[in-house]
>>> print(open('structure-v3.tsv').read())   # TSV, C-alpha atoms and all ligand atoms
chain	number	residue	atom	x	y	z
A	1	MET	CA	138.80	152.62	19.21
A	2	THR	CA	136.94	150.06	21.25
A	3	GLU	CA	138.43	151.46	24.46
A	4	THR	CA	137.18	154.98	23.64
A	5	ALA	CA	133.66	153.68	23.10
A	6	VAL	CA	133.71	151.99	26.52
A	7	ALA	CA	134.94	155.14	28.27
A	8	ASP	CA	132.00	157.11	26.88
A	9	THR	CA	129.34	154.81	28.30
A	10	PRO	CA	127.05	156.23	31.04
A	11	ASP	CA	128.33	153.66	33.58
A	12	GLN	CA	131.91	154.78	33.17
A	13	THR	CA	130.93	158.45	33.54
A	14	GLU	CA	128.98	157.70	36.68
A	15	GLU	CA	131.94	155.89	38.15
A	16	GLY	CA	134.11	158.90	37.29
A	17	VAL	CA	131.74	161.17	39.23
A	18	ARG	CA	131.73	158.82	42.17
A	19	ARG	CA	135.54	158.79	42.15
A	20	ARG	CA	135.68	162.56	42.20
A	21	ASP	CA	133.19	162.66	45.08
A	22	PHE	CA	135.38	160.29	47.02
A	23	ILE	CA	138.52	162.30	46.37
A	24	TYR	CA	136.74	165.50	47.43
A	25	ILE	CA	135.40	163.98	50.65
A	26	ALA	CA	138.73	162.34	51.44
A	27	ALA	CA	140.56	165.64	50.91
A	28	THR	CA	138.11	167.48	53.19
A	29	GLY	CA	138.55	164.82	55.84
A	30	ALA	CA	142.31	165.05	55.67
A	31	ALA	CA	142.17	168.85	55.95
A	32	GLY	CA	139.99	168.51	59.04
A	33	VAL	CA	142.48	166.16	60.68
A	34	GLY	CA	145.31	168.53	59.75
A	35	ALA	CA	143.57	171.52	61.34
A	36	ALA	CA	142.91	169.59	64.53
A	37	SER	CA	146.50	168.39	64.84
A	38	VAL	CA	147.80	171.97	64.37
A	39	LEU	CA	145.38	173.37	66.93
A	40	VAL	CA	146.33	171.09	69.81
A	41	PRO	CA	150.04	172.00	69.98
A	42	LEU	CA	149.14	175.70	69.61
A	43	VAL	CA	146.75	175.56	72.56
A	44	SER	CA	149.22	173.66	74.70
A	45	GLN	CA	151.96	176.19	73.87
A	46	MET	CA	149.69	179.03	74.97
A	47	ALA	CA	149.04	177.49	78.38
A	48	PRO	CA	152.25	177.62	80.43
A	49	SER	CA	152.56	175.07	83.21
A	50	ALA	CA	151.89	176.07	86.80
A	51	ASP	CA	155.66	175.81	87.47
A	52	VAL	CA	156.49	178.32	84.77
A	53	LEU	CA	153.80	180.71	85.97
A	54	ALA	CA	154.99	180.45	89.56
A	55	GLU	CA	158.56	181.23	88.57
A	56	SER	CA	157.90	184.16	86.28
A	57	SER	CA	158.38	187.56	87.83
A	58	THR	CA	159.25	191.05	86.69
A	59	GLU	CA	161.62	193.54	88.33
A	60	ILE	CA	160.93	197.21	87.71
A	61	ASP	CA	163.17	200.18	88.47
A	62	ILE	CA	160.80	202.81	89.84
A	63	SER	CA	163.41	205.47	90.64
A	64	ALA	CA	162.48	207.68	87.67
A	65	ILE	CA	158.71	207.67	88.24
A	66	GLN	CA	157.83	211.08	89.67
A	67	PRO	CA	154.69	211.78	91.76
A	68	GLY	CA	151.77	211.99	89.36
A	69	GLN	CA	153.48	209.73	86.83
A	70	ALA	CA	152.92	206.09	85.96
A	71	ILE	CA	154.55	203.54	83.71
A	72	LYS	CA	153.26	200.52	81.88
A	73	ALA	CA	155.23	197.33	82.29
A	74	VAL	CA	154.54	193.71	81.38
A	75	PHE	CA	153.92	190.91	83.83
A	76	ARG	CA	153.11	187.40	82.62
A	77	LYS	CA	152.41	188.85	79.17
A	78	GLN	CA	149.85	191.30	80.51
A	79	PRO	CA	150.14	195.04	81.12
A	80	VAL	CA	150.80	196.23	84.63
A	81	PHE	CA	150.62	199.84	85.82
A	82	VAL	CA	153.07	201.24	88.36
A	83	ARG	CA	151.89	204.61	89.58
A	84	ASN	CA	153.43	207.11	91.97
A	85	LEU	CA	150.42	208.88	93.49
A	86	THR	CA	150.63	212.53	94.45
A	87	PRO	CA	149.74	213.47	98.06
A	88	LYS	CA	146.44	214.84	96.68
A	89	GLU	CA	145.65	211.54	94.93
A	90	VAL	CA	146.46	209.63	98.13
A	91	ALA	CA	144.17	211.95	100.11
A	92	GLU	CA	141.35	211.51	97.56
A	93	ALA	CA	141.62	207.74	97.77
A	94	LYS	CA	141.64	207.79	101.59
A	95	ALA	CA	138.64	210.14	101.76
A	96	VAL	CA	136.33	207.47	100.29
A	97	ASP	CA	134.48	205.14	102.63
A	98	PRO	CA	135.31	201.65	101.29
A	99	ALA	CA	131.87	200.40	102.39
A	100	SER	CA	130.32	202.68	99.78
A	101	LEU	CA	132.23	201.00	96.94
A	102	ARG	CA	131.18	198.25	94.55
A	103	ASP	CA	134.36	196.32	95.41
A	104	PRO	CA	135.09	197.57	98.93
A	105	GLN	CA	138.81	198.07	99.50
A	106	SER	CA	140.81	200.86	101.13
A	107	LEU	CA	143.96	202.33	99.63
A	108	GLU	CA	145.84	200.61	102.46
A	109	ASP	CA	144.37	197.26	101.37
A	110	ARG	CA	145.80	197.81	97.92
A	111	THR	CA	149.28	199.15	98.72
A	112	LYS	CA	152.20	198.34	101.04
A	113	LYS	CA	152.39	199.92	104.49
A	114	GLY	CA	154.41	203.13	104.45
A	115	LYS	CA	154.41	203.15	100.63
A	116	GLU	CA	150.79	204.02	99.95
A	117	ASN	CA	151.84	206.32	97.13
A	118	TRP	CA	152.94	203.30	95.05
A	119	LEU	CA	149.87	201.89	93.36
A	120	ILE	CA	150.67	198.74	91.41
A	121	THR	CA	147.85	197.11	89.48
A	122	MET	CA	147.24	195.04	86.42
A	123	GLY	CA	146.38	197.18	83.41
A	124	VAL	CA	143.45	194.95	82.53
A	125	CYS	CA	139.87	196.16	82.87
A	126	THR	CA	137.84	193.76	85.01
A	127	HIS	CA	134.89	194.04	82.64
A	128	LEU	CA	136.09	192.40	79.43
A	129	GLY	CA	139.84	192.86	79.61
A	130	CYS	CA	140.64	196.04	77.69
A	131	VAL	CA	143.64	198.12	78.72
A	132	PRO	CA	142.39	201.23	80.54
A	133	LEU	CA	143.78	204.69	79.81
A	134	GLY	CA	145.46	206.82	82.47
A	135	ALA	CA	148.96	205.41	82.89
A	136	GLY	CA	150.45	207.05	79.81
A	137	GLU	CA	151.48	210.69	79.54
A	138	GLY	CA	148.45	212.80	78.62
A	139	GLU	CA	145.97	209.92	78.66
A	140	VAL	CA	142.44	210.46	79.93
A	141	LYS	CA	142.14	209.42	83.59
A	142	GLY	CA	138.36	209.65	83.91
A	143	GLU	CA	136.28	211.66	86.32
A	144	PHE	CA	137.71	209.95	89.43
A	145	GLY	CA	141.28	210.70	88.44
A	146	GLY	CA	142.51	207.13	88.13
A	147	TYR	CA	141.90	205.14	84.98
A	148	PHE	CA	139.31	205.15	82.24
A	149	CYS	CA	138.45	202.16	80.09
A	150	PRO	CA	137.44	203.35	76.64
A	151	CYS	CA	135.82	200.07	75.63
A	152	HIS	CA	132.60	200.45	77.62
A	153	GLY	CA	133.27	203.39	79.92
A	154	SER	CA	134.42	201.92	83.24
A	155	VAL	CA	135.94	204.56	85.50
A	156	TYR	CA	138.48	203.79	88.24
A	157	ASP	CA	139.60	206.14	91.03
A	158	THR	CA	143.08	207.06	92.26
A	159	ALA	CA	143.33	203.69	94.05
A	160	ALA	CA	142.23	201.99	90.78
A	161	ARG	CA	138.93	201.02	92.39
A	162	ILE	CA	135.89	200.70	90.15
A	163	ARG	CA	133.59	203.69	90.59
A	164	LYS	CA	131.41	203.77	87.50
A	165	GLY	CA	130.60	201.67	84.44
A	166	PRO	CA	130.18	197.94	83.91
A	167	ALA	CA	133.41	196.56	85.43
A	168	PRO	CA	132.59	194.46	88.52
A	169	LYS	CA	135.93	194.65	90.35
A	170	ASN	CA	138.82	196.98	91.11
A	171	LEU	CA	141.92	196.65	88.92
A	172	GLU	CA	143.72	193.62	90.28
A	173	VAL	CA	146.75	194.14	92.48
A	174	PRO	CA	149.31	191.49	91.54
A	175	PRO	CA	151.58	189.89	94.13
A	176	TYR	CA	154.64	192.12	94.56
A	177	GLU	CA	157.27	193.28	97.01
A	178	PHE	CA	159.84	196.04	97.23
A	179	ALA	CA	163.24	194.50	96.56
A	180	SER	CA	164.72	197.91	97.54
A	181	ASP	CA	163.51	201.49	97.73
A	182	THR	CA	163.82	201.78	93.97
A	183	VAL	CA	163.08	198.28	92.68
A	184	VAL	CA	159.75	196.45	92.76
A	185	LYS	CA	159.58	192.75	92.10
A	186	ILE	CA	156.21	191.68	90.72
A	187	GLY	CA	155.29	188.02	90.95
B	1	LIG	S1	136.39	196.17	78.96
B	1	LIG	FE1	136.59	197.94	80.17
B	1	LIG	S2	134.60	198.71	80.31
B	1	LIG	FE2	134.37	196.93	79.13
>>> encode(input="structure-v3.tsv", output="structure tokens")
Amino acid sequence: MTETAVADTPDQTEEGVRRRDFIYIAATGAAGVGAASVLVPLVSQMAPSADVLAESSTEIDISAIQPGQAIKAVFRKQPVFVRNLTPKEVAEAKAVDPASLRDPQSLEDRTKKGKENWLITMGVCTHLGCVPLGAGEGEVKGEFGGYFCPCHGSVYDTAARIRKGPAPKNLEVPPYEFASDTVVKIG
């Protein structure tokens, strides 16, 4: 009976409140530490070492890609477009004076000698990184016949050079080589 009376005193209640405050703050602090310790390994997993990046490459069989067709592949976890340009698309790309372009490059600068019909670029818009349309069957290619980025309207020509819209650069050409007439090794 005496113990109950003591527990009901204002002092005891105040101490109880203080205890709860402490537990609440301590729990929040522990959660914060937990979140930080989860985040660090996640970030380090997402950033492959330079060695791993240097070694990664992708081989693509291009034998089935007809003139006028393109495929989407993946290189270092990003989309890459492999496109077999028609003679008309090659001619359109060559007809443009590179000096008139925002990111001046000729078709020859962006392809391998003797294989100018094979246009290999990253499928990543140089504005904010969306995947442009134009590589898939029936996709919109934009008014310059190459690629169209639906995010903010960047338009690329048949050499995947930026012609209109906010993107500052042409679609990037990754490092690649022809392993044979029908196989391209990217990376
Ligand atoms: S991300 Fe392509 S236009 Fe903005």
>>> closest_residue(input="structure-v3.tsv", among="A:Leu171, A:Val82, A:Ala73, A:Ala64", to="Val124 (chain A)", atoms="all atoms listed in the file")
A:Leu171
>>> residues_near_ligand(input="structure-v3.tsv", ligand="ligand LIG 1 (chain B)", cutoff="9 Å", atoms="only C-alpha atoms and all ligand atoms", output="list in words")
Val124, Cys125, Thr126, His127, Leu128, Gly129, Cys130, Val131, Pro132, Phe148, Cys149, Pro150, Cys151, His152, Gly153, Ser154, Val155, Gly165, Pro166 and Ala167 of chain A
>>> atom_distance(input="structure-v3.tsv", atom1="CA of Tyr147 (chain A)", atom2="CA of Phe75 (chain A)")
18.7 Å
>>> axis_aligned_box(input="structure-v3.tsv", around="region 66-72 of chain A", padding_each_side="3 Å", output="JSON")
{"center_x": 154.8, "center_y": 206.3, "center_z": 86.8, "size_x": 12.1, "size_y": 17.5, "size_z": 15.9}
>>> atom_distance(input="structure-v3.tsv", atom1="CA of Thr182 (chain A)", atom2="CA of Ile62 (chain A)")
5.2 Å
>>> closest_residue(input="structure-v3.tsv", among="A:Ile60, A:Val80, A:Ala179, A:Leu101", to="Arg163 (chain A)", atoms="only C-alpha atoms")
A:Leu101
>>> residues_around(input="structure-v3.tsv", residues="region 92-98 of chain A", least_positions_apart="2", cutoff="12 Å", atoms="all atoms listed in the file", output="ChimeraX atom specification")
/A:85-90,100-111,116-117,119,144-146,156-163,170
>>> residues_around(input="structure-v3.tsv", residues="Lys185 (chain A)", least_positions_apart="5", cutoff="7 Å", atoms="all atoms listed in the file", output="VMD selection string")
chain A and resid 57 to 60 176 to 179
>>> atom_distance(input="structure-v3.tsv", atom1="CA of Gly134 (chain A)", atom2="CA of Ser63 (chain A)")
19.8 Å
>>> closest_residue(input="structure-v3.tsv", among="A:Val173, A:Val184, A:Ser56, A:Gln66", to="Gly123 (chain A)", atoms="all atoms listed in the file")
A:Val173
>>> closest_residue(input="structure-v3.tsv", among="A:Ile120, A:Val183, A:Leu133, A:Ala91", to="Asp61 (chain A)", atoms="all atoms listed in the file")
A:Val183
>>> decode(input="structure-v3.tsv", residues="region 102-113 of chain A", atoms="all heavy atoms", output="PDB file, in the first residue's frame")
ATOM      1  N   ARG A 102      25.773  21.201 -83.092  1.00  0.00           N
ATOM      2  CA  ARG A 102      26.023  21.567 -81.688  1.00  0.00           C
ATOM      3  C   ARG A 102      27.235  20.802 -81.142  1.00  0.00           C
ATOM      4  O   ARG A 102      28.042  21.330 -80.392  1.00  0.00           O
ATOM      5  CB  ARG A 102      24.775  21.210 -80.870  1.00  0.00           C
ATOM      6  CG  ARG A 102      24.822  21.648 -79.424  1.00  0.00           C
ATOM      7  CD  ARG A 102      23.545  21.245 -78.701  1.00  0.00           C
ATOM      8  NE  ARG A 102      22.348  21.793 -79.326  1.00  0.00           N
ATOM      9  CZ  ARG A 102      21.104  21.486 -78.971  1.00  0.00           C
ATOM     10  NH1 ARG A 102      20.893  20.666 -77.960  1.00  0.00           N
ATOM     11  NH2 ARG A 102      20.070  21.996 -79.600  1.00  0.00           N
ATOM     12  N   ASP A 103      27.338  19.543 -81.508  1.00  0.00           N
ATOM     13  CA  ASP A 103      28.470  18.699 -81.084  1.00  0.00           C
ATOM     14  C   ASP A 103      29.093  18.164 -82.380  1.00  0.00           C
ATOM     15  O   ASP A 103      28.727  17.093 -82.860  1.00  0.00           O
ATOM     16  CB  ASP A 103      27.936  17.565 -80.193  1.00  0.00           C
ATOM     17  CG  ASP A 103      29.029  16.674 -79.651  1.00  0.00           C
ATOM     18  OD1 ASP A 103      30.224  17.011 -79.804  1.00  0.00           O
ATOM     19  OD2 ASP A 103      28.696  15.626 -79.056  1.00  0.00           O
ATOM     20  N   PRO A 104      30.011  18.941 -82.971  1.00  0.00           N
ATOM     21  CA  PRO A 104      30.453  18.672 -84.339  1.00  0.00           C
ATOM     22  C   PRO A 104      31.217  17.351 -84.492  1.00  0.00           C
ATOM     23  O   PRO A 104      32.327  17.194 -83.980  1.00  0.00           O
ATOM     24  CB  PRO A 104      31.396  19.851 -84.647  1.00  0.00           C
ATOM     25  CG  PRO A 104      31.081  20.887 -83.621  1.00  0.00           C
ATOM     26  CD  PRO A 104      30.636  20.140 -82.408  1.00  0.00           C
ATOM     27  N   GLN A 105      30.599  16.414 -85.175  1.00  0.00           N
ATOM     28  CA  GLN A 105      31.227  15.133 -85.486  1.00  0.00           C
ATOM     29  C   GLN A 105      30.652  14.641 -86.805  1.00  0.00           C
ATOM     30  O   GLN A 105      29.448  14.777 -87.054  1.00  0.00           O
ATOM     31  CB  GLN A 105      30.927  14.085 -84.412  1.00  0.00           C
ATOM     32  CG  GLN A 105      31.807  14.163 -83.174  1.00  0.00           C
ATOM     33  CD  GLN A 105      31.586  12.964 -82.266  1.00  0.00           C
ATOM     34  OE1 GLN A 105      30.454  12.543 -82.042  1.00  0.00           O
ATOM     35  NE2 GLN A 105      32.655  12.409 -81.749  1.00  0.00           N
ATOM     36  N   SER A 106      31.515  14.023 -87.624  1.00  0.00           N
ATOM     37  CA  SER A 106      31.031  13.424 -88.871  1.00  0.00           C
ATOM     38  C   SER A 106      30.604  11.984 -88.596  1.00  0.00           C
ATOM     39  O   SER A 106      30.931  11.413 -87.537  1.00  0.00           O
ATOM     40  CB  SER A 106      32.140  13.457 -89.924  1.00  0.00           C
ATOM     41  OG  SER A 106      33.203  12.616 -89.497  1.00  0.00           O
ATOM     42  N   LEU A 107      29.904  11.402 -89.545  1.00  0.00           N
ATOM     43  CA  LEU A 107      29.543   9.983 -89.395  1.00  0.00           C
ATOM     44  C   LEU A 107      30.813   9.141 -89.292  1.00  0.00           C
ATOM     45  O   LEU A 107      30.882   8.199 -88.499  1.00  0.00           O
ATOM     46  CB  LEU A 107      28.695   9.521 -90.591  1.00  0.00           C
ATOM     47  CG  LEU A 107      28.270   8.054 -90.559  1.00  0.00           C
ATOM     48  CD1 LEU A 107      27.287   7.785 -89.415  1.00  0.00           C
ATOM     49  CD2 LEU A 107      27.654   7.617 -91.890  1.00  0.00           C
ATOM     50  N   GLU A 108      31.824   9.535 -90.076  1.00  0.00           N
ATOM     51  CA  GLU A 108      33.098   8.796 -90.050  1.00  0.00           C
ATOM     52  C   GLU A 108      33.742   8.856 -88.665  1.00  0.00           C
ATOM     53  O   GLU A 108      34.364   7.889 -88.231  1.00  0.00           O
ATOM     54  CB  GLU A 108      34.068   9.375 -91.098  1.00  0.00           C
ATOM     55  CG  GLU A 108      33.678   9.081 -92.549  1.00  0.00           C
ATOM     56  CD  GLU A 108      32.665  10.086 -93.119  1.00  0.00           C
ATOM     57  OE1 GLU A 108      32.092  10.890 -92.343  1.00  0.00           O
ATOM     58  OE2 GLU A 108      32.428  10.047 -94.343  1.00  0.00           O
ATOM     59  N   ASP A 109      33.600   9.991 -87.991  1.00  0.00           N
ATOM     60  CA  ASP A 109      34.157  10.114 -86.630  1.00  0.00           C
ATOM     61  C   ASP A 109      33.494   9.131 -85.668  1.00  0.00           C
ATOM     62  O   ASP A 109      34.073   8.766 -84.645  1.00  0.00           O
ATOM     63  CB  ASP A 109      33.901  11.521 -86.054  1.00  0.00           C
ATOM     64  CG  ASP A 109      34.693  12.604 -86.771  1.00  0.00           C
ATOM     65  OD1 ASP A 109      35.744  12.286 -87.347  1.00  0.00           O
ATOM     66  OD2 ASP A 109      34.234  13.770 -86.748  1.00  0.00           O
ATOM     67  N   ARG A 110      32.281   8.733 -85.994  1.00  0.00           N
ATOM     68  CA  ARG A 110      31.475   7.981 -85.040  1.00  0.00           C
ATOM     69  C   ARG A 110      31.318   6.502 -85.405  1.00  0.00           C
ATOM     70  O   ARG A 110      30.613   5.750 -84.728  1.00  0.00           O
ATOM     71  CB  ARG A 110      30.079   8.632 -84.926  1.00  0.00           C
ATOM     72  CG  ARG A 110      30.185  10.036 -84.367  1.00  0.00           C
ATOM     73  CD  ARG A 110      28.893  10.826 -84.389  1.00  0.00           C
ATOM     74  NE  ARG A 110      27.768  10.210 -83.702  1.00  0.00           N
ATOM     75  CZ  ARG A 110      27.650  10.114 -82.392  1.00  0.00           C
ATOM     76  NH1 ARG A 110      28.615  10.565 -81.616  1.00  0.00           N
ATOM     77  NH2 ARG A 110      26.583   9.564 -81.852  1.00  0.00           N
ATOM     78  N   THR A 111      31.962   6.099 -86.501  1.00  0.00           N
ATOM     79  CA  THR A 111      31.854   4.704 -86.946  1.00  0.00           C
ATOM     80  C   THR A 111      33.245   4.203 -87.337  1.00  0.00           C
ATOM     81  O   THR A 111      34.212   4.977 -87.356  1.00  0.00           O
ATOM     82  CB  THR A 111      30.900   4.585 -88.158  1.00  0.00           C
ATOM     83  OG1 THR A 111      31.341   5.514 -89.172  1.00  0.00           O
ATOM     84  CG2 THR A 111      29.463   4.899 -87.784  1.00  0.00           C
ATOM     85  N   LYS A 112      33.330   2.917 -87.659  1.00  0.00           N
ATOM     86  CA  LYS A 112      34.630   2.360 -88.089  1.00  0.00           C
ATOM     87  C   LYS A 112      34.759   2.465 -89.607  1.00  0.00           C
ATOM     88  O   LYS A 112      33.763   2.296 -90.338  1.00  0.00           O
ATOM     89  CB  LYS A 112      34.734   0.887 -87.666  1.00  0.00           C
ATOM     90  CG  LYS A 112      34.608   0.648 -86.170  1.00  0.00           C
ATOM     91  CD  LYS A 112      35.806   1.175 -85.406  1.00  0.00           C
ATOM     92  CE  LYS A 112      35.694   0.777 -83.932  1.00  0.00           C
ATOM     93  NZ  LYS A 112      36.558   1.581 -83.066  1.00  0.00           N
ATOM     94  N   LYS A 113      35.985   2.683 -90.058  1.00  0.00           N
ATOM     95  CA  LYS A 113      36.245   2.837 -91.498  1.00  0.00           C
ATOM     96  C   LYS A 113      35.773   1.596 -92.268  1.00  0.00           C
ATOM     97  O   LYS A 113      36.059   0.470 -91.876  1.00  0.00           O
ATOM     98  CB  LYS A 113      37.755   3.025 -91.691  1.00  0.00           C
ATOM     99  CG  LYS A 113      38.158   3.496 -93.064  1.00  0.00           C
ATOM    100  CD  LYS A 113      39.645   3.862 -93.051  1.00  0.00           C
ATOM    101  CE  LYS A 113      40.204   4.086 -94.442  1.00  0.00           C
ATOM    102  NZ  LYS A 113      39.475   4.992 -95.290  1.00  0.00           N
TER     103      LYS A 113
END
